[in-house]
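The file run15.tsv contains TSV, C-alpha atoms:
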```tsv
chain	number	residue	atom	x	y	z
A	1	LEU	CA	-62.90	-26.71	-113.73
A	2	THR	CA	-61.04	-23.62	-114.90
A	3	ARG	CA	-57.73	-22.08	-113.89
A	4	ASP	CA	-56.75	-18.45	-114.07
A	5	ILE	CA	-53.44	-19.20	-115.80
A	6	LEU	CA	-53.21	-15.88	-117.63
A	7	GLY	CA	-54.18	-13.69	-114.71
A	8	PRO	CA	-51.31	-11.48	-113.49
A	9	LEU	CA	-49.80	-12.17	-110.11
A	10	PRO	CA	-50.12	-9.47	-107.39
A	11	GLN	CA	-46.57	-8.26	-108.02
A	12	ASN	CA	-47.38	-7.77	-111.73
A	13	ARG	CA	-50.31	-5.44	-111.04
A	14	PRO	CA	-49.44	-1.77	-110.65
A	15	LEU	CA	-51.06	0.30	-107.92
A	16	GLY	CA	-54.34	1.52	-109.42
A	17	THR	CA	-55.04	5.18	-110.19
A	18	ILE	CA	-58.70	4.60	-111.06
A	19	GLY	CA	-61.48	3.26	-108.89
A	20	ALA	CA	-63.14	0.63	-111.06
A	21	PRO	CA	-63.32	-0.46	-114.69
A	22	SER	CA	-65.90	1.20	-116.90
A	23	PHE	CA	-69.28	-0.43	-116.46
A	24	MET	CA	-70.50	-1.73	-119.80
A	25	SER	CA	-73.83	-2.26	-121.52
A	26	THR	CA	-74.28	-4.34	-124.70
A	27	LYS	CA	-77.95	-3.56	-125.32
A	28	ARG	CA	-77.11	-1.83	-128.61
A	29	SER	CA	-76.34	-3.78	-131.78
A	30	PHE	CA	-76.01	-3.63	-135.55
A	31	THR	CA	-76.03	-6.22	-138.33
A	32	ILE	CA	-73.24	-7.19	-140.75
A	33	ALA	CA	-73.82	-9.97	-143.31
A	34	ASN	CA	-76.82	-11.33	-141.37
A	35	SER	CA	-74.75	-11.46	-138.16
A	36	ARG	CA	-75.84	-9.44	-135.16
A	37	VAL	CA	-72.99	-7.53	-133.48
A	38	ARG	CA	-73.56	-6.26	-129.96
A	39	TYR	CA	-71.42	-3.38	-128.77
A	40	GLY	CA	-70.76	-1.13	-125.83
A	41	VAL	CA	-68.94	2.15	-125.33
A	42	ALA	CA	-68.00	3.57	-121.94
A	43	ILE	CA	-65.67	6.15	-120.46
A	44	ASN	CA	-64.25	6.49	-116.98
A	45	ALA	CA	-62.50	9.61	-115.66
A	46	ALA	CA	-60.78	9.80	-112.26
A	47	VAL	CA	-59.00	12.38	-110.14
A	48	ALA	CA	-56.80	10.93	-107.40
A	49	TYR	CA	-53.92	11.72	-105.06
A	50	ASN	CA	-51.04	9.35	-104.36
A	51	ASN	CA	-48.87	10.04	-101.30
A	52	ASN	CA	-45.77	8.14	-102.55
A	53	VAL	CA	-45.65	7.94	-106.35
A	54	PHE	CA	-42.04	6.66	-106.48
A	55	GLY	CA	-42.38	4.02	-103.75
A	56	SER	CA	-39.69	5.62	-101.59
A	57	ASN	CA	-38.99	4.52	-98.02
A	58	LYS	CA	-37.09	7.68	-97.05
A	59	ASP	CA	-38.51	10.69	-98.89
A	60	PRO	CA	-42.04	9.96	-100.19
A	61	GLN	CA	-43.31	12.38	-102.82
A	62	GLY	CA	-47.02	12.84	-103.50
A	63	ASP	CA	-48.82	13.97	-106.63
A	64	ALA	CA	-52.30	14.43	-108.08
A	65	ILE	CA	-53.21	12.14	-111.00
A	66	LEU	CA	-55.83	12.53	-113.72
A	67	THR	CA	-56.85	9.30	-115.49
A	68	LEU	CA	-59.07	9.04	-118.56
A	69	GLN	CA	-60.09	5.54	-119.69
A	70	PRO	CA	-62.47	4.90	-122.61
A	71	THR	CA	-63.57	1.33	-123.33
A	72	PHE	CA	-64.89	-0.17	-126.57
A	73	TYR	CA	-66.44	-3.64	-126.66
A	74	LEU	CA	-67.81	-5.85	-129.47
A	75	GLU	CA	-69.29	-9.37	-129.40
A	76	THR	CA	-71.07	-11.57	-131.88
A	77	GLY	CA	-72.25	-15.14	-132.31
A	78	LYS	CA	-74.42	-17.68	-130.50
A	79	LYS	CA	-73.07	-21.22	-130.85
A	80	GLY	CA	-69.70	-19.76	-131.70
A	81	THR	CA	-68.82	-16.42	-130.12
A	82	MET	CA	-66.18	-13.74	-130.63
A	83	GLN	CA	-65.43	-10.83	-128.29
A	84	PHE	CA	-63.11	-7.87	-128.64
A	85	LEU	CA	-62.21	-5.17	-126.12
A	86	TRP	CA	-60.00	-2.09	-126.39
A	87	SER	CA	-59.43	0.08	-123.34
A	88	PRO	CA	-56.63	2.67	-123.45
A	89	SER	CA	-55.94	4.83	-120.40
A	90	VAL	CA	-54.27	8.23	-120.29
A	91	LEU	CA	-52.45	9.23	-117.07
A	92	ARG	CA	-51.46	12.82	-116.37
A	93	TYR	CA	-49.51	13.81	-113.25
A	94	ALA	CA	-49.79	17.38	-111.97
A	95	LYS	CA	-46.22	17.70	-110.64
A	96	TYR	CA	-44.05	14.89	-112.05
A	97	LYS	CA	-44.70	15.20	-115.79
A	98	GLU	CA	-42.13	12.49	-116.59
A	99	LEU	CA	-44.60	9.92	-115.18
A	100	ASN	CA	-47.29	10.78	-117.76
A	101	ALA	CA	-48.25	7.69	-119.74
A	102	VAL	CA	-50.69	6.17	-122.20
A	103	ASN	CA	-51.47	2.57	-121.30
A	104	GLN	CA	-53.21	0.05	-123.54
A	105	THR	CA	-55.41	-3.02	-123.14
A	106	PHE	CA	-56.44	-5.14	-126.14
A	107	ALA	CA	-58.30	-8.41	-125.62
A	108	PHE	CA	-59.78	-10.96	-128.02
A	109	SER	CA	-61.69	-14.12	-127.19
A	110	SER	CA	-63.33	-16.76	-129.39
A	111	ARG	CA	-65.34	-19.86	-128.51
A	112	TYR	CA	-66.99	-22.61	-130.52
A	113	ARG	CA	-68.79	-25.75	-129.38
A	114	TRP	CA	-69.85	-28.97	-131.07
A	115	SER	CA	-71.73	-31.82	-129.40
A	116	LYS	CA	-68.66	-33.17	-127.55
A	117	LEU	CA	-65.86	-30.79	-128.48
A	118	ARG	CA	-65.32	-27.18	-127.46
A	119	VAL	CA	-62.41	-25.01	-128.54
A	120	GLY	CA	-61.28	-21.48	-127.80
A	121	LEU	CA	-58.66	-18.84	-128.33
A	122	ASP	CA	-57.74	-15.98	-125.99
A	123	ALA	CA	-55.25	-13.24	-126.80
A	124	SER	CA	-54.50	-9.95	-125.11
A	125	TYR	CA	-51.92	-7.18	-125.03
A	126	LEU	CA	-51.17	-4.98	-122.03
A	127	ALA	CA	-49.00	-1.88	-121.82
A	128	GLN	CA	-49.07	-0.67	-118.24
A	129	SER	CA	-47.10	1.71	-116.07
A	130	GLY	CA	-47.03	2.50	-112.39
A	131	LEU	CA	-45.69	1.30	-109.08
A	132	PHE	CA	-45.20	-2.47	-109.12
A	133	LEU	CA	-44.28	-4.50	-106.05
A	134	ASN	CA	-41.24	-6.07	-107.69
A	135	SER	CA	-39.95	-3.00	-109.57
A	136	GLN	CA	-37.58	-0.31	-108.37
A	137	GLY	CA	-39.93	2.69	-108.27
A	138	GLN	CA	-42.13	3.64	-111.22
A	139	SER	CA	-41.80	1.24	-114.16
A	140	GLN	CA	-43.37	0.25	-117.44
A	141	GLN	CA	-44.29	-3.22	-118.59
A	142	LYS	CA	-45.59	-4.68	-121.84
A	143	ALA	CA	-47.10	-8.14	-121.98
A	144	VAL	CA	-48.72	-10.41	-124.54
A	145	PHE	CA	-50.91	-13.31	-123.36
A	146	THR	CA	-52.23	-16.12	-125.58
A	147	ARG	CA	-54.12	-19.30	-124.89
A	148	LEU	CA	-55.39	-21.98	-127.25
A	149	PHE	CA	-57.51	-24.65	-125.59
A	150	ALA	CA	-59.84	-27.55	-126.30
A	151	GLY	CA	-62.14	-29.71	-124.21
A	152	TYR	CA	-63.57	-33.07	-125.27
A	153	ALA	CA	-66.33	-34.99	-123.46
A	154	LEU	CA	-65.12	-38.60	-123.27
A	155	THR	CA	-68.29	-39.67	-121.46
A	156	LYS	CA	-71.24	-37.90	-119.83
A	157	LYS	CA	-69.15	-37.52	-116.67
A	158	THR	CA	-65.59	-37.25	-118.00
A	159	GLU	CA	-63.89	-34.47	-119.97
A	160	ALA	CA	-60.33	-34.12	-121.23
A	161	LEU	CA	-58.88	-30.60	-121.40
A	162	PHE	CA	-55.82	-29.33	-123.27
A	163	SER	CA	-54.34	-25.84	-123.51
A	164	LEU	CA	-51.25	-24.14	-124.84
A	165	ASP	CA	-50.41	-20.86	-123.07
A	166	GLY	CA	-47.84	-18.22	-123.96
A	167	ILE	CA	-46.77	-15.15	-122.00
A	168	MET	CA	-44.20	-12.66	-123.27
A	169	THR	CA	-43.19	-9.70	-121.11
A	170	ASP	CA	-40.92	-6.76	-121.83
A	171	SER	CA	-39.75	-4.34	-119.14
A	172	GLY	CA	-36.80	-2.00	-118.86
A	173	SER	CA	-34.90	-3.87	-116.16
A	174	GLY	CA	-35.99	-7.42	-116.94
A	175	GLY	CA	-35.75	-7.23	-120.71
A	176	ARG	CA	-37.82	-9.55	-122.87
A	177	GLN	CA	-38.88	-12.90	-121.42
A	178	PHE	CA	-41.07	-15.71	-122.70
A	179	GLN	CA	-42.98	-18.39	-120.82
A	180	GLY	CA	-44.83	-21.23	-122.55
A	181	THR	CA	-46.94	-23.92	-120.88
A	182	PHE	CA	-48.72	-27.00	-122.21
A	183	ASN	CA	-51.50	-28.24	-119.92
A	184	ALA	CA	-53.36	-31.53	-120.08
A	185	SER	CA	-56.00	-32.62	-117.60
A	186	ILE	CA	-58.94	-34.93	-117.13
A	187	ASP	CA	-61.98	-34.16	-114.96
A	188	TYR	CA	-64.54	-36.66	-113.67
A	189	LYS	CA	-67.94	-35.64	-112.31
A	190	TYR	CA	-68.04	-37.95	-109.31
A	191	SER	CA	-71.44	-36.73	-108.17
A	192	ARG	CA	-73.85	-33.88	-108.73
A	193	LYS	CA	-71.87	-31.76	-106.27
A	194	THR	CA	-68.31	-33.01	-106.75
A	195	THR	CA	-65.85	-33.08	-109.66
A	196	VAL	CA	-62.33	-34.45	-109.31
A	197	GLY	CA	-59.43	-34.32	-111.71
A	198	ALA	CA	-55.71	-34.59	-112.39
A	199	ALA	CA	-53.47	-32.34	-114.48
A	200	VAL	CA	-49.98	-32.19	-115.94
A	201	ALA	CA	-48.30	-28.91	-116.96
A	202	LEU	CA	-45.06	-28.71	-118.96
A	203	GLY	CA	-43.40	-25.29	-118.92
A	204	TYR	CA	-40.56	-23.54	-120.70
A	205	ASN	CA	-39.12	-20.13	-119.69
A	206	ILE	CA	-36.44	-18.25	-121.63
A	207	SER	CA	-34.68	-14.97	-120.84
A	208	THR	CA	-31.26	-13.39	-121.27
A	209	ALA	CA	-30.14	-15.13	-118.06
A	210	GLY	CA	-30.93	-18.64	-119.26
A	211	THR	CA	-33.71	-21.18	-119.71
A	212	THR	CA	-35.91	-23.11	-117.29
A	213	THR	CA	-38.05	-26.15	-117.97
A	214	SER	CA	-40.66	-27.41	-115.53
A	215	GLU	CA	-43.06	-30.30	-114.98
A	216	SER	CA	-46.06	-29.90	-112.66
A	217	PHE	CA	-48.29	-32.73	-111.45
A	218	LEU	CA	-51.55	-31.64	-109.86
A	219	LEU	CA	-54.74	-33.01	-108.32
A	220	ARG	CA	-57.94	-30.98	-108.63
A	221	LEU	CA	-61.29	-30.75	-106.85
A	222	LEU	CA	-64.50	-28.80	-107.43
A	223	TYR	CA	-67.11	-29.06	-104.68
A	224	ASN	CA	-70.46	-27.30	-105.00
A	225	PRO	CA	-72.47	-28.27	-101.88
A	226	THR	CA	-75.18	-25.64	-102.48
A	227	SER	CA	-76.11	-23.16	-105.18
A	228	LYS	CA	-74.54	-20.43	-103.02
A	229	LEU	CA	-71.20	-22.04	-102.15
A	230	VAL	CA	-68.37	-23.20	-104.45
A	231	PHE	CA	-65.01	-24.66	-103.41
A	232	ARG	CA	-62.12	-25.15	-105.84
A	233	GLY	CA	-58.83	-26.77	-105.02
A	234	GLU	CA	-55.68	-27.68	-106.90
A	235	GLY	CA	-52.32	-28.78	-105.58
A	236	GLY	CA	-49.20	-30.74	-106.34
A	237	LEU	CA	-45.48	-30.50	-107.08
A	238	GLN	CA	-43.45	-28.60	-109.66
A	239	PHE	CA	-40.04	-29.88	-110.77
A	240	ARG	CA	-37.70	-27.29	-112.34
A	241	GLN	CA	-34.41	-27.48	-114.22
A	242	SER	CA	-32.48	-24.31	-115.15
A	243	ILE	CA	-29.50	-23.77	-117.47
A	244	LEU	CA	-27.65	-20.45	-117.12
A	245	SER	CA	-26.48	-18.52	-120.19
A	246	GLY	CA	-22.98	-18.19	-118.72
A	247	GLY	CA	-22.73	-21.85	-117.79
A	248	GLY	CA	-23.97	-23.89	-114.86
A	249	SER	CA	-27.30	-25.47	-114.00
A	250	SER	CA	-29.65	-26.10	-111.09
A	251	SER	CA	-32.78	-28.05	-110.20
A	252	ALA	CA	-35.49	-27.68	-107.57
A	253	VAL	CA	-38.83	-29.05	-106.42
A	254	THR	CA	-41.57	-26.71	-105.13
A	255	SER	CA	-45.05	-27.45	-103.81
A	256	VAL	CA	-47.81	-25.46	-105.56
A	257	VAL	CA	-51.41	-24.99	-104.45
A	258	ASN	CA	-54.46	-22.93	-105.38
A	259	LEU	CA	-57.48	-23.06	-103.05
A	260	SER	CA	-60.55	-20.82	-103.31
A	261	VAL	CA	-64.02	-20.47	-101.82
A	262	LEU	CA	-66.85	-18.37	-103.25
A	263	TYR	CA	-70.00	-17.70	-101.22
A	264	ARG	CA	-73.04	-15.84	-102.55
A	265	PRO	CA	-75.55	-15.52	-99.69
A	266	THR	CA	-77.82	-13.35	-101.85
A	267	SER	CA	-77.97	-12.17	-105.44
A	268	LYS	CA	-76.54	-8.83	-104.29
A	269	THR	CA	-73.64	-10.07	-102.16
A	270	TYR	CA	-70.58	-12.28	-102.53
A	271	VAL	CA	-67.50	-13.11	-100.46
A	272	SER	CA	-64.44	-14.93	-101.78
A	273	LEU	CA	-61.31	-16.32	-100.16
A	274	ARG	CA	-58.24	-17.62	-101.99
A	275	PHE	CA	-54.90	-19.08	-100.93
A	276	PHE	CA	-52.21	-19.90	-103.47
A	277	ARG	CA	-48.54	-20.76	-103.81
A	278	ASN	CA	-46.96	-20.84	-107.25
A	279	VAL	CA	-43.78	-20.21	-109.23
A	280	ASP	CA	-43.52	-17.63	-111.99
A	281	MET	CA	-40.91	-15.56	-113.79
A	282	ASP	CA	-39.96	-12.13	-112.47
A	283	ALA	CA	-40.84	-9.66	-115.22
A	284	PHE	CA	-38.41	-7.05	-113.82
A	285	SER	CA	-35.40	-9.31	-113.30
A	286	ALA	CA	-34.32	-11.74	-116.03
A	287	GLY	CA	-32.30	-13.86	-113.62
A	288	ASN	CA	-35.06	-14.56	-111.12
A	289	LEU	CA	-38.03	-16.81	-110.58
A	290	GLN	CA	-40.59	-15.89	-107.95
A	291	ILE	CA	-42.23	-18.20	-105.42
A	292	THR	CA	-45.36	-16.38	-104.28
A	293	THR	CA	-47.47	-17.38	-101.28
A	294	SER	CA	-50.60	-15.30	-100.79
A	295	LEU	CA	-53.95	-15.10	-99.01
A	296	GLU	CA	-56.61	-12.95	-100.70
A	297	THR	CA	-60.18	-12.04	-99.88
A	298	ALA	CA	-62.76	-9.96	-101.72
A	299	ALA	CA	-66.35	-8.94	-101.09
A	300	SER	CA	-69.14	-7.03	-102.79
A	301	TRP	CA	-72.41	-5.78	-101.34
A	302	LYS	CA	-75.14	-4.05	-103.32
A	303	PHE	CA	-76.38	-1.94	-100.45
A	304	SER	CA	-79.31	-0.55	-102.42
A	305	ASN	CA	-80.46	-0.30	-106.03
A	306	SER	CA	-78.01	2.61	-106.45
A	307	THR	CA	-75.13	1.85	-104.07
A	308	THR	CA	-72.51	-0.92	-104.20
A	309	ILE	CA	-69.56	-1.43	-101.85
A	310	ASN	CA	-66.53	-3.42	-103.05
A	311	GLY	CA	-63.41	-4.37	-101.13
A	312	SER	CA	-60.40	-6.65	-101.40
A	313	LEU	CA	-57.35	-7.48	-99.31
A	314	ALA	CA	-54.25	-9.50	-100.22
A	315	ALA	CA	-51.30	-10.35	-97.99
A	316	GLY	CA	-48.41	-12.53	-98.99
A	317	SER	CA	-44.71	-13.15	-99.41
A	318	VAL	CA	-42.45	-13.40	-102.45
A	319	GLU	CA	-39.20	-15.36	-102.53
A	320	ASN	CA	-36.88	-14.48	-105.40
A	321	VAL	CA	-34.82	-17.46	-106.58
A	322	ALA	CA	-32.01	-17.05	-109.10
A	323	LEU	CA	-31.71	-19.55	-111.94
A	324	SER	CA	-28.60	-20.83	-110.17
A	325	GLY	CA	-30.90	-22.04	-107.41
A	326	GLN	CA	-29.72	-19.51	-104.82
A	327	GLU	CA	-32.17	-17.26	-103.00
A	328	SER	CA	-31.74	-13.67	-104.20
A	329	GLY	CA	-34.06	-11.82	-101.84
A	330	SER	CA	-37.56	-11.85	-100.42
A	331	TYR	CA	-40.29	-9.49	-99.22
A	332	ASN	CA	-43.81	-9.41	-97.84
A	333	TYR	CA	-46.63	-7.30	-99.20
A	334	VAL	CA	-50.14	-6.02	-98.47
A	335	GLN	CA	-52.58	-4.75	-101.09
A	336	ALA	CA	-56.02	-3.37	-100.21
A	337	ASN	CA	-58.80	-1.76	-102.22
A	338	LEU	CA	-62.07	-0.20	-101.09
A	339	SER	CA	-64.66	1.52	-103.25
A	340	VAL	CA	-68.20	2.83	-102.97
A	341	SER	CA	-70.12	3.21	-106.21
A	342	TYR	CA	-73.33	5.20	-106.57
A	343	LEU	CA	-75.55	5.00	-109.67
A	344	LEU	CA	-76.60	8.53	-110.59
A	345	THR	CA	-78.62	7.36	-113.61
A	346	ASP	CA	-78.91	4.09	-115.53
A	347	ASP	CA	-75.85	5.10	-117.58
A	348	MET	CA	-73.78	7.15	-115.12
A	349	ASN	CA	-72.11	6.33	-111.82
A	350	VAL	CA	-69.73	7.98	-109.38
A	351	ASN	CA	-67.12	6.01	-107.47
A	352	LEU	CA	-65.08	6.86	-104.36
A	353	PHE	CA	-62.03	4.65	-103.96
A	354	ASN	CA	-58.87	3.99	-101.99
A	355	ASN	CA	-56.02	1.71	-103.18
A	356	LEU	CA	-53.17	0.80	-100.82
A	357	GLN	CA	-49.92	-1.04	-101.47
A	358	GLN	CA	-47.23	-1.80	-98.88
A	359	LYS	CA	-43.94	-3.64	-99.21
A	360	LEU	CA	-42.52	-5.07	-95.97
A	361	ASN	CA	-39.44	-6.91	-94.74
A	362	ASP	CA	-37.62	-6.51	-98.03
A	363	THR	CA	-34.15	-8.02	-97.75
A	364	GLN	CA	-32.90	-5.30	-100.13
A	365	GLY	CA	-34.36	-2.52	-97.97
A	366	ASN	CA	-36.96	-1.31	-100.50
A	367	ASN	CA	-39.82	-1.06	-98.01
A	368	TYR	CA	-42.55	1.51	-98.65
A	369	LEU	CA	-46.20	2.41	-98.23
A	370	SER	CA	-48.12	3.99	-101.11
A	371	ASN	CA	-51.78	4.99	-101.03
A	372	THR	CA	-54.07	6.38	-103.73
A	373	SER	CA	-57.42	8.02	-102.91
A	374	GLY	CA	-59.78	9.54	-105.41
A	375	MET	CA	-63.08	9.83	-107.18
A	376	SER	CA	-64.12	8.61	-110.62
A	377	LEU	CA	-67.09	9.23	-112.88
A	378	GLY	CA	-68.22	6.51	-115.29
A	379	MET	CA	-70.59	6.84	-118.26
A	380	ARG	CA	-71.81	4.30	-120.79
A	381	PHE	CA	-73.40	5.00	-124.13
```

File written out as structure tokens:
Amino acid sequence: LTRDILGPLPQNRPLGTIGAPSFMSTKRSFTIANSRVRYGVAINAAVAYNNNVFGSNKDPQGDAILTLQPTFYLETGKKGTMQFLWSPSVLRYAKYKELNAVNQTFAFSSRYRWSKLRVGLDASYLAQSGLFLNSQGQSQQKAVFTRLFAGYALTKKTEALFSLDGIMTDSGSGGRQFQGTFNASIDYKYSRKTTVGAAVALGYNISTAGTTTSESFLLRLLYNPTSKLVFRGEGGLQFRQSILSGGGSSSAVTSVVNLSVLYRPTSKTYVSLRFFRNVDMDAFSAGNLQITTSLETAASWKFSNSTTINGSLAAGSVENVALSGQESGSYNYVQANLSVSYLLTDDMNVNLFNNLQQKLNDTQGNNYLSNTSGMSLGMRF
């Protein structure tokens, strides 16, 4: 059982200006000190048009955007593995030059396994800009993610898992915030198709507005009835206590859940469905926590040896809760992506895409619809 703890929430993903990540090949390699290092190099270039670059609800302004995104990837090891990825992206706007940006993605991952023990380390750095759901117009965000984890097989059917996660974000309006979480869980393989488990998560959030501690108690289920269908479920309660920098405190209890289904009818097709409700810090407002409830679906169909269609749709609501415990606003959102990729050669593809983001029923009146359509060309070397 795995959990996407470090994955950004929908409101922490900016509206995309590029159709798809660079497709990578690691067939090439070289040798250093008797160790084989596999590597890949790719580049993705996109031209797109966004009809509302500032996320305005009264006077939307459109602009053409050029995005250039190279990607460099290295991996080595067999029993123990290490992976490194660097993918900067350069954005150039035709009309609004002040929105030009250079974003960065660094990611490192390491794994090692003994007979009963497995350990790992994940670390990444993101510098991203764009139109976020929970920001006021165009914004920039920097984030560092780290995870140290270990799993130990107590018996042939039982495994104990531990992880220590850290997330630090820095944005103009929200300032610098830190969130740390210690997770402990135990999973039991009840049958060939079913695994059950229980987990405890202890969290600590700190910002200029104050500190919040939390305790989450969760039950988990993995059900794999066939080789084509996988169901994952996790749910429970989170208890929170907040202390404000200026004095005062509050406490709250929130139900949290994460349910997902993945179906692969063929080797060329998959459909996924996910429903979740969780609590996280608001990267763009130091005094807020966010309770997000969302339903997401995604699908991919390899129509032919050269053509692949991908799509996703997410709809949800976000409730902003101040550390004092008072509700400080809410909104609904819709995010949709559709792309058609065609393989020109083994190492070159062209991609037509459309990315949509809509903010609805915002209690602060910041409703908008923003849509990006474009074409990208990807090459790998």

Residues within 8 Å of A:Ser109, please, as a tab-separated table (two decimals) with C-alpha atoms, in the coordinates of the input. Count all atoms listed in the file; anything in the same chain fewer than 4 positions from it doesn't count.
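Output file selection-v6.tsv is given in full below:
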```
chain	number	residue	atom	x	y	z
A	82	MET	CA	-66.18	-13.74	-130.63
A	83	GLN	CA	-65.43	-10.83	-128.29
A	84	PHE	CA	-63.11	-7.87	-128.64
A	120	GLY	CA	-61.28	-21.48	-127.80
A	121	LEU	CA	-58.66	-18.84	-128.33
A	122	ASP	CA	-57.74	-15.98	-125.99
A	123	ALA	CA	-55.25	-13.24	-126.80
```

inquiry  = So that I can check the surroundings of A:Ser250, please list as a PyMOL selection string every protein, DNA and RNA residue that reaches within 12 Å of it, counting only C-alpha atoms and ignoring chain neighbours fewer than 5 positions away.
reply    = chain A and resi 210-214+239-244+321-326

task = Tell me which of A:Ser171, A:Gln104, A:Asn310, A:Ser249 sits closest to A:Ser272, counting only C-alpha atoms.
result = A:Asn310

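Compared by their closest atoms to A:Ala283, and using only C-alpha atoms, the residues A:Arg192, A:Arg232, A:Lys156, A:Lys142 rank with A:Lys142 nearest.
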
message = So that I can check the surroundings of A:Ala46, please list as number ranges by chain every protein, DNA and RNA residue that reaches within 7 Å of it, counting only C-alpha atoms and ignoring chain neighbours fewer than 3 positions away.
response = A: 18, 66-68, 374-377

task = Could you give me, as number ranges by chain, the residues within 9 Å of stretch 287-295 of chain A, counting only C-alpha atoms and dropping anything in the same chain fewer than 3 positions from it?
result = A: 9-10, 174, 207-210, 244, 254, 273-284, 313-324, 328

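The smallest atom-to-atom distance between A:Thr266 and any of A:Ile309, A:Leu133, A:Ala199, A:Leu229, using all atoms listed in the file, is found for A:Leu229.
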
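Atom CA of A:Ser124 is found 6.6 Å from atom CA of A:Thr146.
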